[in-house]
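So this one's final-v7.tsv, TSV, C-alpha atoms and all ligand atoms:
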```tsv
chain	number	residue	atom	x	y	z
X	1	MET	CA	-4.61	126.64	16.55
X	2	ASN	CA	-7.40	128.28	18.56
X	3	THR	CA	-9.13	130.65	16.15
X	4	GLN	CA	-11.94	131.64	18.51
X	5	ILE	CA	-12.15	135.43	18.78
X	6	LYS	CA	-12.46	136.70	22.31
X	7	GLU	CA	-15.37	139.15	22.76
X	8	ILE	CA	-16.26	140.72	26.10
X	9	LYS	CA	-19.14	143.08	26.93
X	10	VAL	CA	-19.33	145.30	30.00
X	11	GLY	CA	-21.54	148.23	30.95
X	12	TRP	CA	-22.01	150.86	33.66
X	13	GLU	CA	-24.56	153.54	34.43
X	14	SER	CA	-22.81	156.45	36.07
X	15	PRO	CA	-24.24	159.71	37.39
X	16	SER	CA	-23.20	163.34	37.31
X	17	ASN	CA	-22.35	165.19	40.52
X	18	ILE	CA	-22.66	168.73	41.80
X	19	ALA	CA	-19.73	170.40	43.55
X	20	LEU	CA	-20.30	172.29	46.80
X	21	VAL	CA	-16.67	173.40	47.09
X	22	LYS	CA	-15.57	173.97	43.53
X	23	TYR	CA	-12.61	172.59	41.58
X	24	TRP	CA	-11.46	175.54	39.50
X	25	GLY	CA	-7.82	175.59	38.46
X	26	LYS	CA	-5.23	172.87	37.81
X	27	LYS	CA	-1.70	172.53	39.21
X	28	ASP	CA	-0.58	170.50	36.25
X	29	PHE	CA	-2.18	167.88	34.01
X	30	GLN	CA	-5.55	166.99	35.64
X	31	SER	CA	-4.23	167.68	39.14
X	32	PRO	CA	-6.54	169.99	41.10
X	33	ALA	CA	-5.20	173.28	42.48
X	34	ASN	CA	-7.50	172.83	45.49
X	35	PRO	CA	-9.62	170.10	47.06
X	36	SER	CA	-13.34	169.93	46.21
X	37	ILE	CA	-16.44	168.26	47.66
X	38	SER	CA	-19.56	167.16	45.80
X	39	PHE	CA	-22.60	165.01	46.09
X	40	THR	CA	-23.64	162.53	43.46
X	41	LEU	CA	-26.96	162.98	41.63
X	42	ASN	CA	-29.48	160.20	41.07
X	43	ASN	CA	-31.11	161.22	37.79
X	44	ALA	CA	-28.44	162.70	35.53
X	45	VAL	CA	-26.88	159.46	34.34
X	46	THR	CA	-24.76	158.25	31.42
X	47	LYS	CA	-25.23	154.62	30.42
X	48	THR	CA	-22.19	153.19	28.61
X	49	SER	CA	-21.50	149.74	27.25
X	50	ILE	CA	-18.28	148.55	25.66
X	51	VAL	CA	-17.85	145.44	23.55
X	52	ALA	CA	-14.15	144.58	23.32
X	53	VAL	CA	-13.24	142.34	20.38
X	54	GLU	CA	-9.78	140.80	20.40
X	55	ASN	CA	-7.63	141.59	17.37
X	56	ILE	CA	-4.00	140.61	17.84
X	57	GLU	CA	-3.02	142.23	14.54
X	58	GLN	CA	-4.32	145.62	15.61
X	59	LEU	CA	-1.85	148.51	15.69
X	60	GLY	CA	-2.69	150.94	18.47
X	61	ILE	CA	-6.11	152.01	19.75
X	62	SER	CA	-9.13	151.14	17.65
X	63	LEU	CA	-12.73	152.07	18.44
X	64	GLU	CA	-16.13	153.10	17.21
X	65	PHE	CA	-18.27	155.38	19.35
X	66	TYR	CA	-22.06	155.58	19.19
X	67	PHE	CA	-23.82	158.37	21.05
X	68	GLU	CA	-27.55	157.76	21.30
X	69	ASN	CA	-27.15	155.03	18.67
X	70	GLN	CA	-25.53	157.37	16.12
X	71	LEU	CA	-21.90	156.91	15.09
X	72	ASN	CA	-20.14	160.00	16.46
X	73	GLU	CA	-16.69	160.73	15.00
X	74	ALA	CA	-16.05	163.81	17.13
X	75	PHE	CA	-16.64	161.88	20.39
X	76	ALA	CA	-14.62	158.94	19.00
X	77	ASP	CA	-11.59	161.21	18.45
X	78	LYS	CA	-11.87	162.55	22.00
X	79	ILE	CA	-12.13	159.06	23.49
X	80	LYS	CA	-9.22	157.83	21.33
X	81	ALA	CA	-6.98	160.57	22.70
X	82	TYR	CA	-8.11	159.61	26.22
X	83	LEU	CA	-7.48	155.88	25.68
X	84	GLU	CA	-4.00	156.64	24.37
X	85	LYS	CA	-3.21	157.97	27.85
X	86	ALA	CA	-4.68	154.82	29.44
X	87	VAL	CA	-2.73	152.28	27.41
X	88	GLY	CA	0.17	152.23	29.90
X	89	THR	CA	-2.20	150.82	32.54
X	90	PHE	CA	-4.54	148.90	30.25
X	91	SER	CA	-2.06	147.46	27.75
X	92	TRP	CA	-4.73	145.17	26.23
X	93	LEU	CA	-6.21	148.32	24.61
X	94	ASN	CA	-3.67	147.80	21.82
X	95	SER	CA	-5.10	144.39	20.93
X	96	TYR	CA	-8.86	144.90	21.37
X	97	HIS	CA	-11.22	146.83	19.10
X	98	LEU	CA	-13.82	148.68	21.22
X	99	ILE	CA	-17.43	149.26	20.24
X	100	ILE	CA	-18.74	151.90	22.64
X	101	HIS	CA	-22.40	152.86	23.06
X	102	SER	CA	-23.30	155.79	25.28
X	103	ASP	CA	-26.65	157.36	26.20
X	104	ASN	CA	-27.65	160.06	28.67
X	105	THR	CA	-30.83	160.10	30.75
X	106	PHE	CA	-30.84	163.88	30.43
X	107	PRO	CA	-31.10	165.67	27.08
X	108	HIS	CA	-27.77	166.41	25.44
X	109	SER	CA	-27.32	170.19	25.26
X	110	SER	CA	-29.56	170.71	28.31
X	111	GLY	CA	-26.61	172.51	29.84
X	112	ILE	CA	-26.18	169.78	32.48
X	113	ALA	CA	-22.52	168.78	32.76
X	114	SER	CA	-22.17	165.42	31.08
X	115	SER	CA	-18.39	164.97	31.16
X	116	ALA	CA	-18.52	163.75	34.78
X	117	SER	CA	-21.08	161.03	34.09
X	118	ALA	CA	-19.56	160.18	30.69
X	119	PHE	CA	-15.95	159.75	31.83
X	120	SER	CA	-16.83	157.99	35.07
X	121	ALA	CA	-18.89	155.47	33.07
X	122	ILE	CA	-16.04	154.87	30.61
X	123	ALA	CA	-13.43	154.54	33.36
X	124	LEU	CA	-15.61	152.01	35.21
X	125	CYS	CA	-16.05	150.04	31.97
X	126	LEU	CA	-12.25	150.03	31.42
X	127	CYS	CA	-11.73	148.63	34.93
X	128	SER	CA	-14.37	145.94	34.39
X	129	LEU	CA	-12.83	144.99	31.03
X	130	HIS	CA	-9.39	144.89	32.64
X	131	GLU	CA	-10.59	142.42	35.27
X	132	GLN	CA	-12.12	140.14	32.67
X	133	ILE	CA	-9.28	140.29	30.17
X	134	GLU	CA	-6.53	139.85	32.78
X	135	ILE	CA	-8.75	137.34	34.69
X	136	LYS	CA	-7.77	139.02	37.97
X	137	PRO	CA	-9.79	141.36	40.21
X	138	LEU	CA	-8.46	144.89	40.76
X	139	SER	CA	-7.74	145.23	44.46
X	140	ASN	CA	-8.94	148.86	44.56
X	141	PHE	CA	-11.42	148.91	41.72
X	142	PHE	CA	-13.15	152.24	42.47
X	143	GLN	CA	-9.91	154.06	43.27
X	144	VAL	CA	-8.46	153.02	39.89
X	145	ALA	CA	-11.74	153.97	38.19
X	146	SER	CA	-11.74	157.35	39.94
X	147	ASN	CA	-8.17	158.01	38.83
X	148	TRP	CA	-9.00	157.21	35.19
X	149	ALA	CA	-12.23	159.18	35.32
X	150	ARG	CA	-10.13	162.17	36.50
X	151	ILE	CA	-7.81	161.85	33.51
X	152	GLY	CA	-10.89	162.21	31.27
X	153	SER	CA	-12.45	165.08	33.23
X	154	GLY	CA	-11.46	166.18	36.74
X	155	SER	CA	-14.94	166.36	38.24
X	156	ALA	CA	-15.69	162.84	36.91
X	157	CYS	CA	-13.47	161.28	39.57
X	158	ARG	CA	-16.07	162.27	42.20
X	159	SER	CA	-18.83	160.35	40.34
X	160	VAL	CA	-17.64	156.78	40.95
X	161	TYR	CA	-19.26	156.69	44.40
X	162	GLY	CA	-22.68	157.70	45.73
X	163	GLY	CA	-23.30	160.29	48.44
X	164	TYR	CA	-20.63	162.87	49.32
X	165	ASN	CA	-17.13	162.70	47.88
X	166	LEU	CA	-13.88	164.55	48.38
X	167	TRP	CA	-11.22	164.97	45.71
X	168	GLY	CA	-7.85	166.53	46.38
X	169	LYS	CA	-5.39	166.50	49.23
X	170	THR	CA	-6.49	168.21	52.43
X	171	ILE	CA	-4.55	168.14	55.68
X	172	VAL	CA	-7.57	167.09	57.73
X	173	CYS	CA	-8.23	163.91	55.79
X	174	GLU	CA	-5.34	161.48	55.74
X	175	ASN	CA	-6.55	159.30	52.87
X	176	SER	CA	-7.46	162.23	50.59
X	177	ALA	CA	-5.54	162.42	47.30
X	178	ASP	CA	-5.11	164.53	44.19
X	179	GLU	CA	-5.17	161.39	42.02
X	180	TYR	CA	-8.61	160.10	42.98
X	181	ALA	CA	-11.70	160.98	44.99
X	182	ILE	CA	-12.65	159.34	48.26
X	183	HIS	CA	-16.12	158.64	49.56
X	184	LEU	CA	-17.08	160.44	52.78
X	185	GLU	CA	-18.79	157.63	54.64
X	186	SER	CA	-19.63	158.04	58.26
X	187	GLU	CA	-19.03	161.78	58.51
X	188	ILE	CA	-22.39	163.00	57.20
X	189	HIS	CA	-24.96	164.41	59.65
X	190	GLU	CA	-28.60	163.35	59.21
X	191	ASN	CA	-29.48	166.93	58.08
X	192	PHE	CA	-27.45	166.44	54.91
X	193	ARG	CA	-28.24	162.82	54.08
X	194	HIS	CA	-31.44	163.52	52.14
X	195	LEU	CA	-31.07	166.59	49.95
X	196	THR	CA	-32.84	167.37	46.70
X	197	ASP	CA	-31.27	169.23	43.78
X	198	THR	CA	-33.72	170.79	41.33
X	199	ILE	CA	-31.71	171.81	38.27
X	200	LEU	CA	-33.32	174.88	36.70
X	201	ILE	CA	-32.37	175.05	33.04
X	202	ILE	CA	-31.80	178.75	32.40
X	203	GLU	CA	-30.01	178.15	29.14
X	204	LYS	CA	-29.63	175.03	27.04
X	205	GLY	CA	-26.83	174.47	24.61
X	206	LYS	CA	-23.08	174.65	24.48
X	207	LYS	CA	-21.29	177.11	26.73
X	208	SER	CA	-19.23	179.90	25.19
X	209	VAL	CA	-16.19	178.88	27.28
X	210	SER	CA	-15.63	175.25	28.29
X	211	SER	CA	-14.62	174.27	31.84
X	212	THR	CA	-11.23	173.13	30.54
X	213	GLN	CA	-10.63	176.59	29.02
X	214	GLY	CA	-11.88	178.18	32.24
X	215	HIS	CA	-9.41	176.20	34.38
X	216	ALA	CA	-6.57	177.32	32.12
X	217	LEU	CA	-7.46	180.99	32.68
X	218	LEU	CA	-6.54	180.57	36.36
X	219	LYS	CA	-2.87	180.29	35.32
X	220	ASN	CA	-2.38	184.03	35.13
X	221	HIS	CA	-5.29	185.02	37.32
X	222	PRO	CA	-4.49	187.76	39.86
X	223	PHE	CA	-6.65	186.08	42.54
X	224	ALA	CA	-5.64	182.45	41.86
X	225	GLU	CA	-3.38	181.86	44.87
X	226	HIS	CA	-5.83	183.54	47.22
X	227	ARG	CA	-8.68	181.48	45.77
X	228	TYR	CA	-6.77	178.21	46.32
X	229	THR	CA	-6.21	179.11	49.98
X	230	ILE	CA	-9.90	179.98	50.46
X	231	ALA	CA	-11.02	176.78	48.72
X	232	ALA	CA	-8.70	174.68	50.89
X	233	ASP	CA	-10.12	176.39	54.01
X	234	ASN	CA	-13.70	176.01	52.75
X	235	THR	CA	-13.09	172.28	52.23
X	236	ILE	CA	-12.04	171.90	55.85
X	237	GLU	CA	-14.97	174.02	57.01
X	238	LEU	CA	-17.48	172.07	54.90
X	239	LEU	CA	-16.16	168.73	56.18
X	240	ASN	CA	-16.85	170.02	59.65
X	241	ILE	CA	-20.32	171.38	58.73
X	242	LEU	CA	-21.25	168.04	57.16
X	243	LYS	CA	-20.36	166.36	60.45
X	244	THR	CA	-22.11	168.81	62.79
X	245	GLY	CA	-25.24	169.40	60.68
X	246	ASP	CA	-25.14	173.22	60.72
X	247	MET	CA	-27.54	174.09	57.87
X	248	GLN	CA	-27.08	177.87	58.08
X	249	ALA	CA	-23.31	177.52	57.77
X	250	PHE	CA	-23.83	175.09	54.87
X	251	ILE	CA	-26.06	177.58	53.01
X	252	HIS	CA	-23.59	180.42	53.35
X	253	LEU	CA	-20.52	178.41	52.41
X	254	VAL	CA	-22.08	176.70	49.38
X	255	GLU	CA	-23.55	179.93	47.97
X	256	ARG	CA	-20.27	181.82	48.49
X	257	GLU	CA	-18.44	179.05	46.62
X	258	ALA	CA	-20.84	179.31	43.66
X	259	LEU	CA	-20.57	183.09	43.47
X	260	MET	CA	-16.79	183.00	43.82
X	261	LEU	CA	-16.54	180.56	40.91
X	262	HIS	CA	-18.36	183.01	38.67
X	263	ALA	CA	-16.50	186.00	40.10
X	264	LEU	CA	-13.27	184.24	39.09
X	265	MET	CA	-14.56	183.86	35.55
X	266	MET	CA	-15.51	187.55	35.39
X	267	THR	CA	-12.08	188.62	36.65
X	268	SER	CA	-9.98	186.26	34.48
X	269	PRO	CA	-7.21	187.82	32.38
X	270	THR	CA	-9.63	187.16	29.52
X	271	PRO	CA	-12.94	187.75	31.32
X	272	PHE	CA	-16.04	185.78	30.50
X	273	ILE	CA	-19.55	185.58	31.92
X	274	LEU	CA	-21.59	182.37	31.88
X	275	ILE	CA	-24.49	183.44	34.08
X	276	LYS	CA	-27.49	185.11	32.43
X	277	PRO	CA	-29.97	187.72	33.68
X	278	ASN	CA	-32.36	184.88	34.59
X	279	THR	CA	-29.65	183.21	36.71
X	280	LEU	CA	-29.52	186.35	38.85
X	281	ALA	CA	-33.32	186.69	38.88
X	282	VAL	CA	-33.62	183.14	40.24
X	283	ILE	CA	-30.94	183.77	42.89
X	284	GLU	CA	-32.86	186.88	44.04
X	285	LYS	CA	-36.08	184.83	44.20
X	286	ILE	CA	-34.38	182.12	46.26
X	287	TRP	CA	-33.01	184.70	48.69
X	288	ASP	CA	-36.40	186.43	49.01
X	289	TYR	CA	-38.20	183.14	49.54
X	290	ARG	CA	-35.69	182.03	52.18
X	291	ASN	CA	-36.01	185.36	54.01
X	292	GLN	CA	-39.78	185.34	53.90
X	293	THR	CA	-40.51	181.69	54.73
X	294	GLY	CA	-37.43	180.59	56.68
X	295	CYS	CA	-37.28	177.53	54.41
X	296	GLU	CA	-33.66	176.35	54.32
X	297	LEU	CA	-33.13	176.23	50.58
X	298	LEU	CA	-30.02	177.38	48.75
X	299	PHE	CA	-28.45	177.53	45.33
X	300	THR	CA	-25.25	176.51	43.70
X	301	LEU	CA	-24.01	176.96	40.14
X	302	ASP	CA	-21.70	174.94	37.97
X	303	ALA	CA	-19.77	176.35	35.04
X	304	GLY	CA	-22.89	177.58	33.26
X	305	ALA	CA	-26.07	179.61	33.62
X	306	ASN	CA	-28.23	176.91	35.22
X	307	VAL	CA	-29.17	177.08	38.87
X	308	HIS	CA	-29.06	174.08	41.22
X	309	LEU	CA	-31.70	174.61	43.89
X	310	ILE	CA	-30.77	172.50	46.89
X	311	ALA	CA	-33.04	171.75	49.83
X	312	SER	CA	-33.82	169.12	52.41
X	313	ALA	CA	-36.01	166.29	51.06
X	314	LYS	CA	-38.45	166.93	53.92
X	315	ASP	CA	-39.25	170.34	52.33
X	316	ASN	CA	-39.62	168.95	48.83
X	317	GLU	CA	-43.35	169.54	48.46
X	318	GLN	CA	-42.97	173.20	49.46
X	319	VAL	CA	-39.89	173.62	47.24
X	320	GLN	CA	-41.60	172.11	44.19
X	321	LYS	CA	-44.54	174.50	44.68
X	322	PHE	CA	-42.09	177.41	44.84
X	323	VAL	CA	-40.44	176.20	41.62
X	324	LYS	CA	-43.77	175.88	39.80
X	325	ASN	CA	-45.20	179.16	41.09
X	326	GLU	CA	-42.18	181.42	40.98
X	327	LEU	CA	-39.18	179.99	39.12
X	328	ILE	CA	-40.42	178.06	36.12
X	329	GLY	CA	-40.91	181.28	34.13
X	330	TYR	CA	-37.16	181.91	34.25
X	331	CYS	CA	-36.32	178.46	32.85
X	332	GLN	CA	-35.81	177.97	29.13
X	333	ASN	CA	-38.97	176.27	27.83
X	334	GLY	CA	-39.97	175.81	31.48
X	335	LEU	CA	-37.36	173.05	31.78
X	336	TYR	CA	-36.06	171.71	35.08
X	337	PHE	CA	-34.86	168.35	36.42
X	338	CYS	CA	-35.47	166.91	39.87
X	339	ASN	CA	-32.61	165.07	41.50
X	340	GLU	CA	-31.72	163.72	44.91
X	341	ILE	CA	-28.45	162.59	46.36
X	342	GLY	CA	-27.75	159.38	44.44
X	343	MET	CA	-26.31	156.01	45.37
X	344	GLY	CA	-23.60	156.08	42.70
X	345	PRO	CA	-22.84	154.02	39.60
X	346	LYS	CA	-24.51	150.71	38.79
X	347	LYS	CA	-22.94	147.87	36.87
X	348	ILE	CA	-25.07	146.55	34.01
X	349	ASN	CA	-25.22	142.76	33.89
X	350	TYR	CA	-25.38	141.15	30.48
X	351	ALA	CA	-26.24	137.60	31.38
X	401	LIG	C1	-17.22	174.34	37.78
X	401	LIG	O1	-14.17	168.63	35.54
X	401	LIG	O2	-15.42	169.83	33.71
X	401	LIG	O3	-18.01	172.09	37.53
X	401	LIG	O4	-11.07	168.58	34.31
X	401	LIG	O5	-11.07	170.23	32.45
X	401	LIG	O6	-12.70	168.32	32.42
X	401	LIG	P1	-11.90	169.29	33.27
X	401	LIG	O7	-12.96	170.21	34.02
X	401	LIG	P2	-14.32	169.85	34.72
X	401	LIG	O8	-14.50	171.13	35.67
X	401	LIG	C2	-15.59	171.21	36.53
X	401	LIG	C3	-15.68	172.58	37.08
X	401	LIG	C4	-16.89	172.85	37.94
X	401	LIG	C5	-16.60	172.63	39.41
X	401	LIG	C6	-16.57	171.22	39.92
X	401	LIG	O9	-17.26	170.34	39.40
X	401	LIG	O10	-15.86	171.03	40.93
```

Represent the structure of the file as structure tokens.
Amino acid sequence: MNTQIKEIKVGWESPSNIALVKYWGKKDFQSPANPSISFTLNNAVTKTSIVAVENIEQLGISLEFYFENQLNEAFADKIKAYLEKAVGTFSWLNSYHLIIHSDNTFPHSSGIASSASAFSAIALCLCSLHEQIEIKPLSNFFQVASNWARIGSGSACRSVYGGYNLWGKTIVCENSADEYAIHLESEIHENFRHLTDTILIIEKGKKSVSSTQGHALLKNHPFAEHRYTIAADNTIELLNILKTGDMQAFIHLVEREALMLHALMMTSPTPFILIKPNTLAVIEKIWDYRNQTGCELLFTLDAGANVHLIASAKDNEQVQKFVKNELIGYCQNGLYFCNEIGMGPKKINYA
């Protein structure tokens, strides 16, 4: 009898992304009510490794989860519930014990969304394990990974590729889908290929209302249907802007999307407000600076108080001066993170 225990180790580093057209509202389980477009960041990364140890006597999912080298039961429970959904596709999950290690390159509780990087990294690891355990390559590796990242957290499906990505069905893009994101390859004008995203940390710590709770509040929202129509139109418009290189149109669309996201929160059946006075102060400063200097910088927001200051990489020196001279005072402990459009996830090789 062969008593050798099979043990396989895989790892991926996967980044967060920032949405330009926002996903806000679900049709049903993890299916977006409207399409969304994002770009991938280069510096906000989760690094995850999984050691899978074969155990044929195992009953159901078994795992241990270490976050920043500390055993984390709360995360383990969340990941267990997620893997229970994945067992239909990855049936070997029932006969392998998983030892998962996860670290972020950005401080936990910095207010930067980590579910996108975390779930994309895990989904990529599952796909890599699948290939090694089944000894067969997946024919559409990143599509499967994107789908499983989505099941963990919707926005995570846009993190399995670098550059600009589209998630959700739109009539102008034949291969778009609600189940997974697609990478927008050739359609990006030079003006948008090298953007920077300076994330200004207005408030660290856990948000009062999670994104998942926020999505649910769209169910009985008086503006929901109208919002979904606008978002679908904005997706088509942004795809066109990204092709033609119209920076002014880009600025106005992306800022409107950010403000509409927060307006939806404030007008929910149970209203909530995630922006802070300093969020608004920074927005005012950005508008003033743009008006006075003509520098084409803009902001977007995710589901929190922090401001993403986006600009062309060619203006980076000027933008960083503006941040240091005029914005840093609005950031909690003067904290901000510099990002650019990233190349996407990287596989970790354990030779
Ligand atoms: C405002 O992807 O975090 O960042 O699918 O419930 O995990 P779940 O939600 P999540 O929502 C992200 C909302 C957003 C906009 C976006 O990234 O498109």

Checklist entry - To one decimal place, how far is atom CA of X:Phe250 from atom CA of X:Gly214 in Å? => result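 Separating atom CA of X:Phe250 from atom CA of X:Gly214 is a distance of 25.8 Å.
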
Checklist entry - Of the candidates X:Ile199, X:Ile151, X:Ala311, X:Cys173, which shows the shortest atom-to-atom distance to ligand LIG 401 (chain X), using all atoms listed in the file? => result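 Of the candidates, the smallest distance to ligand LIG 401 (chain X) is held by X:Ile151.
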
Item to check | Contacts to ligand LIG 401 (chain X) at 10 Å cut-off (all atoms listed in the file) as a PyMOL selection string | outcome: chain X and resi 16-26+29-32+34-38+112-116+119+149-158+167+210-216+257-258+261-262+301-304

Mind dumping the selected residues with C-alpha atoms as a PDB file, in the coordinates of the input?
```pdb
ATOM      1  CA  SER X  16     -23.200 163.340  37.310  1.00  0.00           C
ATOM      2  CA  ASN X  17     -22.350 165.190  40.520  1.00  0.00           C
ATOM      3  CA  ILE X  18     -22.660 168.730  41.800  1.00  0.00           C
ATOM      4  CA  ALA X  19     -19.730 170.400  43.550  1.00  0.00           C
ATOM      5  CA  LEU X  20     -20.300 172.290  46.800  1.00  0.00           C
ATOM      6  CA  VAL X  21     -16.670 173.400  47.090  1.00  0.00           C
ATOM      7  CA  LYS X  22     -15.570 173.970  43.530  1.00  0.00           C
ATOM      8  CA  TYR X  23     -12.610 172.590  41.580  1.00  0.00           C
ATOM      9  CA  TRP X  24     -11.460 175.540  39.500  1.00  0.00           C
ATOM     10  CA  GLY X  25      -7.820 175.590  38.460  1.00  0.00           C
ATOM     11  CA  LYS X  26      -5.230 172.870  37.810  1.00  0.00           C
ATOM     12  CA  PHE X  29      -2.180 167.880  34.010  1.00  0.00           C
ATOM     13  CA  GLN X  30      -5.550 166.990  35.640  1.00  0.00           C
ATOM     14  CA  SER X  31      -4.230 167.680  39.140  1.00  0.00           C
ATOM     15  CA  PRO X  32      -6.540 169.990  41.100  1.00  0.00           C
ATOM     16  CA  ASN X  34      -7.500 172.830  45.490  1.00  0.00           C
ATOM     17  CA  PRO X  35      -9.620 170.100  47.060  1.00  0.00           C
ATOM     18  CA  SER X  36     -13.340 169.930  46.210  1.00  0.00           C
ATOM     19  CA  ILE X  37     -16.440 168.260  47.660  1.00  0.00           C
ATOM     20  CA  SER X  38     -19.560 167.160  45.800  1.00  0.00           C
ATOM     21  CA  ILE X 112     -26.180 169.780  32.480  1.00  0.00           C
ATOM     22  CA  ALA X 113     -22.520 168.780  32.760  1.00  0.00           C
ATOM     23  CA  SER X 114     -22.170 165.420  31.080  1.00  0.00           C
ATOM     24  CA  SER X 115     -18.390 164.970  31.160  1.00  0.00           C
ATOM     25  CA  ALA X 116     -18.520 163.750  34.780  1.00  0.00           C
ATOM     26  CA  PHE X 119     -15.950 159.750  31.830  1.00  0.00           C
ATOM     27  CA  ALA X 149     -12.230 159.180  35.320  1.00  0.00           C
ATOM     28  CA  ARG X 150     -10.130 162.170  36.500  1.00  0.00           C
ATOM     29  CA  ILE X 151      -7.810 161.850  33.510  1.00  0.00           C
ATOM     30  CA  GLY X 152     -10.890 162.210  31.270  1.00  0.00           C
ATOM     31  CA  SER X 153     -12.450 165.080  33.230  1.00  0.00           C
ATOM     32  CA  GLY X 154     -11.460 166.180  36.740  1.00  0.00           C
ATOM     33  CA  SER X 155     -14.940 166.360  38.240  1.00  0.00           C
ATOM     34  CA  ALA X 156     -15.690 162.840  36.910  1.00  0.00           C
ATOM     35  CA  CYS X 157     -13.470 161.280  39.570  1.00  0.00           C
ATOM     36  CA  ARG X 158     -16.070 162.270  42.200  1.00  0.00           C
ATOM     37  CA  TRP X 167     -11.220 164.970  45.710  1.00  0.00           C
ATOM     38  CA  SER X 210     -15.630 175.250  28.290  1.00  0.00           C
ATOM     39  CA  SER X 211     -14.620 174.270  31.840  1.00  0.00           C
ATOM     40  CA  THR X 212     -11.230 173.130  30.540  1.00  0.00           C
ATOM     41  CA  GLN X 213     -10.630 176.590  29.020  1.00  0.00           C
ATOM     42  CA  GLY X 214     -11.880 178.180  32.240  1.00  0.00           C
ATOM     43  CA  HIS X 215      -9.410 176.200  34.380  1.00  0.00           C
ATOM     44  CA  ALA X 216      -6.570 177.320  32.120  1.00  0.00           C
ATOM     45  CA  GLU X 257     -18.440 179.050  46.620  1.00  0.00           C
ATOM     46  CA  ALA X 258     -20.840 179.310  43.660  1.00  0.00           C
ATOM     47  CA  LEU X 261     -16.540 180.560  40.910  1.00  0.00           C
ATOM     48  CA  HIS X 262     -18.360 183.010  38.670  1.00  0.00           C
ATOM     49  CA  LEU X 301     -24.010 176.960  40.140  1.00  0.00           C
ATOM     50  CA  ASP X 302     -21.700 174.940  37.970  1.00  0.00           C
ATOM     51  CA  ALA X 303     -19.770 176.350  35.040  1.00  0.00           C
ATOM     52  CA  GLY X 304     -22.890 177.580  33.260  1.00  0.00           C
TER      53      GLY X 304
END
```

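The closest residue to X:Thr48, picked from X:Val209, X:Glu73, X:Tyr330, X:Pro345 and counting all atoms listed in the file, is X:Pro345.
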
Checklist entry - What does the distance between atom CA of X:Phe106 and atom CA of X:Val323 come to in Å, to one decimal place? => result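 Separating atom CA of X:Phe106 from atom CA of X:Val323 is a distance of 19.2 Å.
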
Next on the checklist: At a cut-off of 7 Å, using all atoms listed in the file, what residues contact stretch 96-104 of chain X? Leave out same-chain residues fewer than 3 positions from it and give the result as a ChimeraX atom specification.
Outcome noted: /X:45-55,62-69,92-93,107

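Between atom CA of X:Ile236 and atom CA of X:Ala249 lies a distance of 12.7 Å.
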
Item to check | Minimum-distance residue to X:Leu242, chosen among X:Phe142, X:Tyr228, X:Phe39, X:Tyr350 (using only C-alpha atoms) | outcome: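 Closest to X:Leu242, using only C-alpha atoms: X:Phe39.
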
Checklist entry - So which residues touch X:Leu195 within 12 Å, counting all atoms listed in the file, skipping near sequence neighbours fewer than 3 positions away, as a ChimeraX atom specification? => result /X:18,39-42,163-164,188-192,198,247,296-298,308-316,319,338-342

Keeping only C-alpha atoms, write those residues as a PDB file, in the coordinates of the input.
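Result file follows (part-v9.pdb):
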```
ATOM      1  CA  ILE X  18     -22.660 168.730  41.800  1.00  0.00           C
ATOM      2  CA  PHE X  39     -22.600 165.010  46.090  1.00  0.00           C
ATOM      3  CA  THR X  40     -23.640 162.530  43.460  1.00  0.00           C
ATOM      4  CA  LEU X  41     -26.960 162.980  41.630  1.00  0.00           C
ATOM      5  CA  ASN X  42     -29.480 160.200  41.070  1.00  0.00           C
ATOM      6  CA  GLY X 163     -23.300 160.290  48.440  1.00  0.00           C
ATOM      7  CA  TYR X 164     -20.630 162.870  49.320  1.00  0.00           C
ATOM      8  CA  ILE X 188     -22.390 163.000  57.200  1.00  0.00           C
ATOM      9  CA  HIS X 189     -24.960 164.410  59.650  1.00  0.00           C
ATOM     10  CA  GLU X 190     -28.600 163.350  59.210  1.00  0.00           C
ATOM     11  CA  ASN X 191     -29.480 166.930  58.080  1.00  0.00           C
ATOM     12  CA  PHE X 192     -27.450 166.440  54.910  1.00  0.00           C
ATOM     13  CA  THR X 198     -33.720 170.790  41.330  1.00  0.00           C
ATOM     14  CA  MET X 247     -27.540 174.090  57.870  1.00  0.00           C
ATOM     15  CA  GLU X 296     -33.660 176.350  54.320  1.00  0.00           C
ATOM     16  CA  LEU X 297     -33.130 176.230  50.580  1.00  0.00           C
ATOM     17  CA  LEU X 298     -30.020 177.380  48.750  1.00  0.00           C
ATOM     18  CA  HIS X 308     -29.060 174.080  41.220  1.00  0.00           C
ATOM     19  CA  LEU X 309     -31.700 174.610  43.890  1.00  0.00           C
ATOM     20  CA  ILE X 310     -30.770 172.500  46.890  1.00  0.00           C
ATOM     21  CA  ALA X 311     -33.040 171.750  49.830  1.00  0.00           C
ATOM     22  CA  SER X 312     -33.820 169.120  52.410  1.00  0.00           C
ATOM     23  CA  ALA X 313     -36.010 166.290  51.060  1.00  0.00           C
ATOM     24  CA  LYS X 314     -38.450 166.930  53.920  1.00  0.00           C
ATOM     25  CA  ASP X 315     -39.250 170.340  52.330  1.00  0.00           C
ATOM     26  CA  ASN X 316     -39.620 168.950  48.830  1.00  0.00           C
ATOM     27  CA  VAL X 319     -39.890 173.620  47.240  1.00  0.00           C
ATOM     28  CA  CYS X 338     -35.470 166.910  39.870  1.00  0.00           C
ATOM     29  CA  ASN X 339     -32.610 165.070  41.500  1.00  0.00           C
ATOM     30  CA  GLU X 340     -31.720 163.720  44.910  1.00  0.00           C
ATOM     31  CA  ILE X 341     -28.450 162.590  46.360  1.00  0.00           C
ATOM     32  CA  GLY X 342     -27.750 159.380  44.440  1.00  0.00           C
TER      33      GLY X 342
END
```
